[in-house]
Structures are given as C-alpha cells and as structure tokens.
Amino acid sequence: MPQMSIAEALRQAIREEMRRDERVFCIGEDIGVKGGFGGAFTVTQGLSEEFGHERILDTPISETAIAGVAIGAAMAGMRPIADVQYGDFLFCMMDQLANQAAKMRYMSGGQVSVPLVMRAPVGATSRGAQHAQSLEAFFTHIPGLKVVAPATAYDAKGLLKSAVRDENPVLVFEHKLLYGSKGARAERGALSPVGEVPEEEYLVPIGKGIVRREGKDVTIVAKLLMLYRALAAAEKLAEAGIEAEVIDPRTLVPLDKELILASVRKTGRLVIVEEDNLTGGWAAEIAAIAADEAFDYLDAPIKRVSAPDVPPPFAPVLEREYVPDEGEIIEAVRALF
Amino acid sequence: MPVNDAQTPTSPALDAERLKGLYRTMFLIRRFEERVNELYMEGRIPSTLHLYIGQEAVATGVCAALNQDDYAFSTHRPHGHALAKGVAPRAIMAELFAKATGCCKAKGGSMHVGDVSVGMFPAIAIVGANVPIAAGAALAFKMQKSQRVAVSFSGDGAANEGAWHEGLNVASIWSLPVVFVCENNLYAASTPYSLTFRVENVADRAPAYGIPGVVVDGNDVLAVYEVAKAAVARARKGGGPTLIECKTYRQCGHSRSDPRTYRSREEEAAWRERDPIPNFRKWLLAQGICDPKGIEEIEKGVEQAITEAIAFAESSPDPQPADLYANVFKE
C-alpha cells in the first residue's frame, strides 16, 4: 500500500475530487501561482498544472472575500475548497463563517445549502501568537458548521473527500506539525507521520471517531498533534502498568459521543488533551458530556490537559511550556489512581 | 473611468404594459409596507421593521432589468427587493407574521425574506456581507458558463465595510458577471453620508477597482432601469462588474424605533416632492401611457393582493416546536 504524508494525502484527495466532479474548485492565497508555494504548506502544489488557474483560483489577501466568494459559489451550485494560510486568519472571515455560512440554510427555511470546505492549519510552531492558535473549539460552538480534525494521512484523505461531498459547510483543521510538507515549507520539529493510504477509492465518514489504542484503565481523548503525544504517553504508562485507551475523535461536529462514553464506561477514568486554551474549551465540553452521561461510571475526577490561558508564545522554550506534552499527560493520568 | 450622470431617457425601451408593470411594482412595495407598518403598530406582527418607503424606484428599476434566474442579494431592508424580484406577497407577509407558510418557514423574518425559485436570495442582514457572496454566485455562473448575472443591493453604509471593498476587488479582477447597486439614502442608520465619506459619490470609488461607476437618480425608475439594463448587459457579455449608485432617500426612520431627530423636517419635505411613485404616475398620465382609470385599476389590484396576503398570513399556522431543530444541516 502506498505510504504518504498528510500533505500528499490531502493533495491526492483534492485531485481525485476535482477529477470526479467539475463543480469542485480550490480558492485561496498563493495556492496556484506559478513558482509559488502551493498553499502555505504545499498541499495544492502542482494542481494548477493539471486543472488550470480557473479551478485553482489565487486570491488577493482578502480572507473575507475568500469566504464570501466560496459561500456564494457554493450556494449557486459549486463545490469550493477554500483555505487560509494559517487558522488564525479565520478570525478575519468570521462574519462570513459564523453569520453567513453557518446560518444560511436555517434562516432560509431550508431553501439553500452551503456545500463549502474551509481548510485551516493550526498549532504552535514558533511563529508568535497570531500564527499559532488551535481554533477548533470556536467553530464547534456555532450550529450549522461541521468540524473535522484528521491526524493521519488515511483520515486526511478520506475526511477531506467526505467534506467535499457533504451538503454543508465543513471546516477541516490540519496541524502544521503533521503535514510532512517537504522542501522550504517543511516545519522544524514536525512529526511528519507517514501513513498507508489505499490506492482504491475510500471515504472516512464525518462523525465517526476511532480507538487508536485499546486499554482498560483510563480513557484519553486527543486530536491532531495531541493524539501523538497521548499515544507516546500511553506507551510510558503501560510500562508502569496503566493501560490507557486512546481515542481520536477525528470529527468534532458531529461528535462521536458514544465512542467516548462507551470507553469511559469501561475504564472509569477520563483525560482530555488539547492544544487550545483551557477556559471554555473543547476539552471542557467533552468533560461535561462525560459528567452528564457517564457520571455513575467515573472512579475519579475528569482531567483536562490544555494549553494555559495565555496567548501562544514565540520563544521555543516558552512554546514547549505552552503546548501540552507527554509528561503532562502522564502526570494527569497518574493523579487519577 | 469617469463617473457618468445618467439622464432620464426620453424614449424608454419599454412598452406600455411593462411601464404600467413598473408602476404596479412600486405601488405594491409602498402599500405593502404601509400596511405592514400598521400591522406592526397594532402589535399583530413581531420583530422590527426596516421600511423601504421612498426607495421603491431602485428595486423596481433594477429587477426589471433582470431575468428570473438571475440572483438578487439583499440587506436588512429587503421587502422591496423581494417584491420586485417576484416573491409572492403572501409568502413575505406570512414570514413577517412568523407563520409556517412564510417564504423562510418563519426562520428568517423581516430581515431575511427571499425565495430562491424566483432568484431572490434570502436576504443577508449583516451590512456589506452580501457583496462578496454575490461575487461568489457570479463566479459560479461564470464557471458554469451560464449567462446568469448576480446583483448585490446595499446601502451607502455598506460601502465603508471591508467586505464591500474585498468583494468589488475580486469581482473586478475576475471580470465577474455581477452588478453592485448602492442605494445611497444619505444616512447609515442616523449617521449622515458627509460624516463617513470624503468623496462626493460612492461611485467615485469604482475607478479604484478598475470598474465603471455610475451615478443615477434613484427616485427615477426609468433612469434606474436604463443604467441597470446597461450594466446587466455588460456583465452578461463578460464585461465584468459595474457599481451603480442610486441617489435616493429613506422617507421613514432606519427602523421602527427611530424618531428621525437627526434630520430636518424641511429636508424630508423636499425629498417627498421627489417621491418616485406620484412622479412616475404623473409621467404615465402625461405620456398617455395610462389613463386615470387604468391607474385606479392597478392600485385596486394591488390593494386586493395585499389584503389577500394578510388574510393568508393570519390564517396560516404557527411553526411547530419541533421546527426549531429543522434545517440546521442538510441531510
């Protein structure tokens, strides 16, 4: 089976969907310029050679226009795959995402739909506070948006293809340290997980999580980069006799709640790991669901391992303090026993 | 590119039936809103209202230049655009009454009326936000190689939103089939035009995007129609967008709670002299296109249609509690 990076898997997903359906097109900054970057992390590199500049549409630095144009085109029968260079720039287009894309179907009484894909890289990579945030939680709070966060090449391809075919706006969050981008766009300190991606067509359904490691003693829920840190922590914990079950939700909206609850009912302990800030976060939501629906099964308090309530810092030494690591996860788990 | 001042055409390219149709549409918008205002004052419909009274010639003239499958994108003040684009009065009325039979099944209300089947997009109530969205619909039309055109209606206030500038720019660089109609009614809510612009006309900004900017008397339905027709034809032929500024006046307040203490009664009286509806009625009579009896028939028909719309709305069912959960996502 072919091995590929997440950037390659995403590129292949886009290529396949564009070949399959002429309504699909890409829109964003620096995505198809000859001699350019192929997007901030090389995902669209080479695609304009096959599909031309009308379907790999380079925009001005106008995030509101990227979102607004993609929404208008989606409502008029196209299937745009839009992207921002850094997830932080989603805030520039927040009206279009939160007030327009998310609400158009509802406000119109079901007359219109917005089959839009918006890709956004997240995660701290020593770029300071405006190119580093993990923003998934903001968007899980807005009814009308679907949110996915693939952590493997297999899921990146399968989820992006599902997102393109979905009738609703789907935000696809990708982690900068997981792309495996090559050349000048490679990230220092990247994990670059390379994974098996089948040659035959497949989709990963939106709304289905997956158990990445089975265990009976504690449930750890983690996504994107934090999934890898949780898996590393689980290996160390196993050496100490604690078997952690690690769950990758893959989709945040709609959430595969039952997968998490079933695991919590089995293990009786829950730790949620995320790179986002603690307060009002996604981990808090998962904790609340478990407290509501699996309280009787819990043998210990629910623990959140999140970034502290400060903006992402620049200095690498501070960034290491900011982003949750293996040690913090181990510590949180051990405190439950 | 220079800013043009369009003149009222002396020999419009419309036959008598279409000219009477323009009068009917303007009169329908006016009376529809006057009746809606009464119903609101009586407490029979909820929410707030942003009335279009005084601006009817803009929606009517522009929509007369469109085909049914062209898309119109509107604002928080959308009743006039919706009626002019052909949305059934009863469907709008039922929406205002928050009834399940409303054009948006009571999920939109006054600020979001629309009916995609006649090319009227459910209106977008965030100022300026429809500008890039209309450009996006136009991009779709271009990619689909269709001859359709998108129109974005917005007010003078919208021209100071970032979305407006980004939308005009991309529409220009990609030569999209879209027409931007700025209804300059001189006030962004209570703030006068002069406090927020250093240019005399909103259309003066068009050259900055490399597109034509046209200033037209927004209270003259034929003048509006002529410039809209030219802009729509240009867009259909692949010539790209046009910015049309219609100089007009909102005779009512910004919304229901507005006592209009920021402008003089003299100014209002002067603009009432330029009311588009009696002036066009006079013109139709003077040209012999319609006699007083013909006008009376049109007006009677409109009154009946509105009365019927109100009866339909009042007798319609409320939404069911379960409808709260419908249409968040498309399955």
# chains A, B, ... in the order shown; residues from 1 in each chain; ligands from 1
call {"tool": "interface_residues", "arguments": {"of": "chain A", "to": "chain B", "cutoff": "10 Å", "atoms": "only C-alpha atoms", "output": "VMD selection string"}}
result
chain A and resid 22 to 23 25 54 to 55 57 59 to 80 93 95 to 96 99 to 100 102 to 115 143 to 146 166 to 169
call {"tool": "write_last_selection", "arguments": {"atoms": "C-alpha atoms", "output": "PDB file, in the first residue's frame"}}
result
ATOM      1  CA  GLU A  22     -16.182  19.577 -12.289  1.00  0.00           C
ATOM      2  CA  ARG A  23     -18.030  21.689  -9.707  1.00  0.00           C
ATOM      3  CA  PHE A  25     -12.524  24.080  -7.288  1.00  0.00           C
ATOM      4  CA  GLU A  54      -9.567  28.955 -13.138  1.00  0.00           C
ATOM      5  CA  ARG A  55     -10.064  25.937 -10.880  1.00  0.00           C
ATOM      6  CA  LEU A  57      -8.013  30.194  -8.063  1.00  0.00           C
ATOM      7  CA  THR A  59      -6.972  35.364  -4.496  1.00  0.00           C
ATOM      8  CA  PRO A  60      -5.736  38.668  -3.176  1.00  0.00           C
ATOM      9  CA  ILE A  61      -5.002  38.758   0.556  1.00  0.00           C
ATOM     10  CA  SER A  62      -8.706  39.104   1.244  1.00  0.00           C
ATOM     11  CA  GLU A  63      -9.925  36.490   3.693  1.00  0.00           C
ATOM     12  CA  THR A  64     -13.449  37.906   3.824  1.00  0.00           C
ATOM     13  CA  ALA A  65     -13.638  37.665   0.046  1.00  0.00           C
ATOM     14  CA  ILE A  66     -12.274  34.108   0.058  1.00  0.00           C
ATOM     15  CA  ALA A  67     -15.020  33.016   2.422  1.00  0.00           C
ATOM     16  CA  GLY A  68     -17.768  35.158   0.914  1.00  0.00           C
ATOM     17  CA  VAL A  69     -16.997  34.142  -2.656  1.00  0.00           C
ATOM     18  CA  ALA A  70     -16.779  30.483  -1.660  1.00  0.00           C
ATOM     19  CA  ILE A  71     -20.128  30.721   0.135  1.00  0.00           C
ATOM     20  CA  GLY A  72     -21.803  32.467  -2.803  1.00  0.00           C
ATOM     21  CA  ALA A  73     -20.372  29.969  -5.272  1.00  0.00           C
ATOM     22  CA  ALA A  74     -21.432  27.044  -3.066  1.00  0.00           C
ATOM     23  CA  MET A  75     -24.990  28.365  -2.829  1.00  0.00           C
ATOM     24  CA  ALA A  76     -25.030  28.756  -6.611  1.00  0.00           C
ATOM     25  CA  GLY A  77     -24.116  25.149  -7.299  1.00  0.00           C
ATOM     26  CA  MET A  78     -20.340  24.854  -6.990  1.00  0.00           C
ATOM     27  CA  ARG A  79     -18.190  22.853  -4.525  1.00  0.00           C
ATOM     28  CA  PRO A  80     -15.433  25.179  -3.335  1.00  0.00           C
ATOM     29  CA  MET A  93     -13.565  35.993   7.870  1.00  0.00           C
ATOM     30  CA  ASP A  95     -18.698  37.060   9.852  1.00  0.00           C
ATOM     31  CA  GLN A  96     -18.802  35.047   6.670  1.00  0.00           C
ATOM     32  CA  ASN A  99     -23.160  34.605  10.349  1.00  0.00           C
ATOM     33  CA  GLN A 100     -23.404  33.555   6.727  1.00  0.00           C
ATOM     34  CA  ALA A 102     -23.486  28.537   9.257  1.00  0.00           C
ATOM     35  CA  LYS A 103     -26.906  30.198   9.260  1.00  0.00           C
ATOM     36  CA  MET A 104     -27.913  30.454   5.623  1.00  0.00           C
ATOM     37  CA  ARG A 105     -29.712  27.158   5.481  1.00  0.00           C
ATOM     38  CA  TYR A 106     -31.532  27.727   8.753  1.00  0.00           C
ATOM     39  CA  MET A 107     -32.592  31.327   8.078  1.00  0.00           C
ATOM     40  CA  SER A 108     -33.836  30.439   4.615  1.00  0.00           C
ATOM     41  CA  GLY A 109     -36.078  27.695   5.959  1.00  0.00           C
ATOM     42  CA  GLY A 110     -34.032  25.081   4.121  1.00  0.00           C
ATOM     43  CA  GLN A 111     -34.115  26.789   0.723  1.00  0.00           C
ATOM     44  CA  VAL A 112     -30.363  26.942   0.272  1.00  0.00           C
ATOM     45  CA  SER A 113     -27.349  24.929   1.306  1.00  0.00           C
ATOM     46  CA  VAL A 114     -23.677  25.832   1.549  1.00  0.00           C
ATOM     47  CA  PRO A 115     -21.508  22.874   0.485  1.00  0.00           C
ATOM     48  CA  PRO A 143     -24.587  25.479  14.979  1.00  0.00           C
ATOM     49  CA  GLY A 144     -24.581  24.833  11.246  1.00  0.00           C
ATOM     50  CA  LEU A 145     -20.870  24.114  10.827  1.00  0.00           C
ATOM     51  CA  LYS A 146     -19.290  20.679  10.702  1.00  0.00           C
ATOM     52  CA  ASP A 166     -21.078  16.979   2.191  1.00  0.00           C
ATOM     53  CA  GLU A 167     -24.001  19.347   1.595  1.00  0.00           C
ATOM     54  CA  ASN A 168     -22.953  21.606   4.486  1.00  0.00           C
ATOM     55  CA  PRO A 169     -20.061  23.872   5.399  1.00  0.00           C
TER      56      PRO A 169
END
call {"tool": "residues_around", "arguments": {"residues": "Ala287 (chain A)", "least_positions_apart": "5", "cutoff": "8 Å", "atoms": "only C-alpha atoms", "output": "ChimeraX atom specification"}}
result
/A:270,272,302-304
call {"tool": "residues_around", "arguments": {"residues": "region 196-212 of chain B", "least_positions_apart": "6", "cutoff": "8 Å", "atoms": "only C-alpha atoms", "output": "number ranges by chain"}}
result
B: 1-3, 156, 159-160, 168-169, 172, 182, 184, 240-245
call {"tool": "residues_around", "arguments": {"residues": "region 234-239 of chain A", "least_positions_apart": "3", "cutoff": "9 Å", "atoms": "only C-alpha atoms", "output": "ChimeraX atom specification"}}
result
/A:213,220,229-231,242-246,326,329-330,333-334
call {"tool": "residues_around", "arguments": {"residues": "region 153-165 of chain A", "least_positions_apart": "6", "cutoff": "6 Å", "atoms": "only C-alpha atoms", "output": "list of chain:residue names"}}
result
A:Ser5, A:Ile6, A:Ala9, A:Leu10, A:Ala13, A:Gly195, A:Val197, A:Leu203, A:Val204
call {"tool": "residues_around", "arguments": {"residues": "Glu56 (chain B)", "least_positions_apart": "5", "cutoff": "9 Å", "atoms": "only C-alpha atoms", "output": "list in words"}}
result
Thr25, Met26, Phe27, Ile29, Arg30, Gly61, Gly80, His81, Ala84, Gly218, Asn219, Val221, Pro276 and Ile277 of chain B
call {"tool": "residues_around", "arguments": {"residues": "Leu252 (chain A)", "least_positions_apart": "3", "cutoff": "12 Å", "atoms": "only C-alpha atoms", "output": "number ranges by chain"}}
result
A: 135-142, 145-150, 170-173, 206-209, 221-224, 248-249, 255-257, 260, 282-283, 285-286
call {"tool": "atom_distance", "arguments": {"atom1": "CA of Tyr187 (chain B)", "atom2": "CA of Asp258 (chain B)"}}
result
12.3 Å
call {"tool": "atom_distance", "arguments": {"atom1": "CA of Thr101 (chain B)", "atom2": "CA of Glu314 (chain B)"}}
result
10.3 Å
call {"tool": "select_by_dssp", "arguments": {"residues": "region 161-330 of chain A", "states": "strand (DSSP E or B)", "output": "ChimeraX atom specification"}}
result
/A:170-175,195-196,210-213,218-222,244-248,251-253,270-277,303-307
call {"tool": "select_by_dssp", "arguments": {"residues": "region 27-190 of chain A", "states": "alpha helix (DSSP H)", "output": "VMD selection string"}}
result
chain A and resid 47 to 51 63 to 75 94 104 to 107 136 to 140 153 to 165
call {"tool": "write_last_selection", "arguments": {"atoms": "N, CA and C atoms", "output": "short mmCIF file (atom, residue, chain, number, x, y, z; two decimals), in the first residue's frame"}}
result
data_model
loop_
_atom_site.label_atom_id
_atom_site.label_comp_id
_atom_site.auth_asym_id
_atom_site.auth_seq_id
_atom_site.Cartn_x
_atom_site.Cartn_y
_atom_site.Cartn_z
N LEU A 47 -1.19 21.44 -8.55
CA LEU A 47 -2.56 21.20 -9.00
C LEU A 47 -2.98 22.15 -10.14
N SER A 48 -2.43 23.37 -10.13
CA SER A 48 -2.83 24.30 -11.21
C SER A 48 -2.31 23.82 -12.56
N GLU A 49 -1.26 23.00 -12.54
CA GLU A 49 -0.76 22.48 -13.81
C GLU A 49 -1.77 21.52 -14.44
N GLU A 50 -2.44 20.75 -13.61
CA GLU A 50 -3.45 19.83 -14.14
C GLU A 50 -4.79 20.53 -14.39
N PHE A 51 -5.19 21.40 -13.47
CA PHE A 51 -6.56 21.92 -13.51
C PHE A 51 -6.67 23.36 -14.00
N GLU A 63 -9.29 37.68 3.11
CA GLU A 63 -9.92 36.49 3.69
C GLU A 63 -11.44 36.58 3.66
N THR A 64 -11.99 37.78 3.87
CA THR A 64 -13.45 37.91 3.82
C THR A 64 -13.96 37.56 2.43
N ALA A 65 -13.22 37.99 1.41
CA ALA A 65 -13.64 37.66 0.05
C ALA A 65 -13.50 36.17 -0.22
N ILE A 66 -12.43 35.55 0.27
CA ILE A 66 -12.27 34.11 0.06
C ILE A 66 -13.51 33.38 0.59
N ALA A 67 -13.87 33.70 1.82
CA ALA A 67 -15.02 33.02 2.42
C ALA A 67 -16.32 33.41 1.73
N GLY A 68 -16.51 34.70 1.51
CA GLY A 68 -17.77 35.16 0.91
C GLY A 68 -17.96 34.61 -0.49
N VAL A 69 -16.91 34.65 -1.28
CA VAL A 69 -17.00 34.14 -2.66
C VAL A 69 -17.26 32.63 -2.63
N ALA A 70 -16.57 31.94 -1.74
CA ALA A 70 -16.78 30.48 -1.66
C ALA A 70 -18.22 30.17 -1.25
N ILE A 71 -18.75 30.94 -0.32
CA ILE A 71 -20.13 30.72 0.14
C ILE A 71 -21.11 31.00 -1.01
N GLY A 72 -20.91 32.13 -1.69
CA GLY A 72 -21.80 32.47 -2.80
C GLY A 72 -21.74 31.43 -3.91
N ALA A 73 -20.53 30.98 -4.22
CA ALA A 73 -20.37 29.97 -5.27
C ALA A 73 -21.01 28.65 -4.84
N ALA A 74 -20.84 28.30 -3.57
CA ALA A 74 -21.43 27.04 -3.07
C ALA A 74 -22.95 27.11 -3.16
N MET A 75 -23.53 28.24 -2.79
CA MET A 75 -24.99 28.36 -2.83
C MET A 75 -25.50 28.37 -4.27
N MET A 94 -14.62 35.83 10.03
CA MET A 94 -15.55 35.24 11.00
C MET A 94 -17.01 35.55 10.67
N MET A 104 -27.15 30.22 6.85
CA MET A 104 -27.91 30.45 5.62
C MET A 104 -29.02 29.42 5.43
N ARG A 105 -28.70 28.18 5.69
CA ARG A 105 -29.71 27.16 5.48
C ARG A 105 -30.86 27.33 6.48
N TYR A 106 -30.50 27.60 7.71
CA TYR A 106 -31.53 27.73 8.75
C TYR A 106 -32.44 28.93 8.49
N MET A 107 -31.82 30.09 8.26
CA MET A 107 -32.59 31.33 8.08
C MET A 107 -33.48 31.27 6.85
N GLU A 136 -10.23 25.12 16.92
CA GLU A 136 -11.35 24.23 16.62
C GLU A 136 -12.56 24.53 17.49
N ALA A 137 -12.32 24.82 18.77
CA ALA A 137 -13.44 24.94 19.71
C ALA A 137 -14.40 26.07 19.31
N PHE A 138 -13.84 27.17 18.81
CA PHE A 138 -14.70 28.29 18.39
C PHE A 138 -15.80 27.79 17.45
N PHE A 139 -15.39 26.95 16.53
CA PHE A 139 -16.30 26.57 15.45
C PHE A 139 -17.24 25.45 15.85
N THR A 140 -16.85 24.69 16.89
CA THR A 140 -17.78 23.67 17.38
C THR A 140 -18.96 24.34 18.08
N ALA A 153 -2.68 10.37 7.59
CA ALA A 153 -2.80 10.56 6.15
C ALA A 153 -4.08 9.89 5.64
N TYR A 154 -4.36 8.70 6.16
CA TYR A 154 -5.57 7.97 5.74
C TYR A 154 -6.82 8.82 6.02
N ASP A 155 -6.90 9.35 7.23
CA ASP A 155 -8.08 10.14 7.60
C ASP A 155 -8.11 11.48 6.86
N ALA A 156 -6.94 12.07 6.64
CA ALA A 156 -6.91 13.37 5.96
C ALA A 156 -7.53 13.23 4.58
N LYS A 157 -7.15 12.18 3.88
CA LYS A 157 -7.70 12.00 2.54
C LYS A 157 -9.19 11.65 2.60
N GLY A 158 -9.51 10.69 3.44
CA GLY A 158 -10.90 10.22 3.49
C GLY A 158 -11.86 11.25 4.02
N LEU A 159 -11.43 12.03 4.99
CA LEU A 159 -12.31 13.06 5.55
C LEU A 159 -12.45 14.25 4.60
N LEU A 160 -11.36 14.62 3.94
CA LEU A 160 -11.47 15.75 3.01
C LEU A 160 -12.41 15.38 1.85
N LYS A 161 -12.31 14.16 1.39
CA LYS A 161 -13.22 13.74 0.30
C LYS A 161 -14.67 13.74 0.78
N SER A 162 -14.88 13.29 2.00
CA SER A 162 -16.25 13.34 2.56
C SER A 162 -16.72 14.78 2.71
N ALA A 163 -15.81 15.66 3.12
CA ALA A 163 -16.17 17.07 3.31
C ALA A 163 -16.60 17.70 1.99
N VAL A 164 -15.87 17.37 0.92
CA VAL A 164 -16.22 17.93 -0.40
C VAL A 164 -17.62 17.47 -0.82
N ARG A 165 -17.96 16.24 -0.45
CA ARG A 165 -19.25 15.69 -0.88
C ARG A 165 -20.38 16.04 0.08
#
call {"tool": "closest_residue", "arguments": {"among": "A:Gly46, A:Gly268, A:Pro2, A:Pro313", "to": "Ala132 (chain A)", "atoms": "only C-alpha atoms"}}
result
A:Pro313
call {"tool": "atom_distance", "arguments": {"atom1": "CA of Met226 (chain A)", "atom2": "CA of Pro324 (chain A)"}}
result
7.6 Å
call {"tool": "closest_residue", "arguments": {"among": "A:Ala120, A:Val310, A:Leu298, A:Ala151", "to": "Arg250 (chain A)", "atoms": "only C-alpha atoms"}}
result
A:Ala151
call {"tool": "closest_residue", "arguments": {"among": "B:Arg260, B:Glu268, B:Val127, B:Glu95", "to": "Pro319 (chain B)", "atoms": "only C-alpha atoms"}}
result
B:Glu95
call {"tool": "closest_residue", "arguments": {"among": "B:Ala88, B:Leu66, B:Val118, B:Leu83", "to": "Ala230 (chain B)", "atoms": "only C-alpha atoms"}}
result
B:Leu66
call {"tool": "decode", "arguments": {"residues": "region 94-133 of chain A", "atoms": "C-alpha atoms", "output": "compact mmCIF listing (two decimals), in the first residue's frame"}}
result
# COMPACT_ATOMS: atom_id res chain seq x y z
CA MET A 94 -15.55 35.24 11.00
CA ASP A 95 -18.70 37.06 9.85
CA GLN A 96 -18.80 35.05 6.67
CA LEU A 97 -18.33 31.75 8.51
CA ALA A 98 -20.39 32.36 11.64
CA ASN A 99 -23.16 34.60 10.35
CA GLN A 100 -23.40 33.56 6.73
CA ALA A 101 -22.22 30.00 6.01
CA ALA A 102 -23.49 28.54 9.26
CA LYS A 103 -26.91 30.20 9.26
CA MET A 104 -27.91 30.45 5.62
CA ARG A 105 -29.71 27.16 5.48
CA TYR A 106 -31.53 27.73 8.75
CA MET A 107 -32.59 31.33 8.08
CA SER A 108 -33.84 30.44 4.61
CA GLY A 109 -36.08 27.70 5.96
CA GLY A 110 -34.03 25.08 4.12
CA GLN A 111 -34.12 26.79 0.72
CA VAL A 112 -30.36 26.94 0.27
CA SER A 113 -27.35 24.93 1.31
CA VAL A 114 -23.68 25.83 1.55
CA PRO A 115 -21.51 22.87 0.49
CA LEU A 116 -18.28 24.63 1.38
CA VAL A 117 -14.97 23.21 2.59
CA MET A 118 -12.68 25.54 4.54
CA ARG A 119 -9.23 24.17 5.32
CA ALA A 120 -7.17 25.73 8.11
CA PRO A 121 -3.75 24.87 9.56
CA VAL A 122 -3.50 25.09 13.35
CA GLY A 123 -0.88 24.57 16.03
CA ALA A 124 2.00 26.43 17.63
CA THR A 125 5.25 26.44 15.60
CA SER A 126 7.37 29.33 16.98
CA ARG A 127 5.66 31.97 14.92
CA GLY A 128 4.22 34.02 17.77
CA ALA A 129 0.62 34.41 18.85
CA GLN A 130 -1.05 35.19 15.51
CA HIS A 131 0.10 32.17 13.53
CA ALA A 132 -0.27 29.52 16.19
CA GLN A 133 -3.71 29.14 17.68
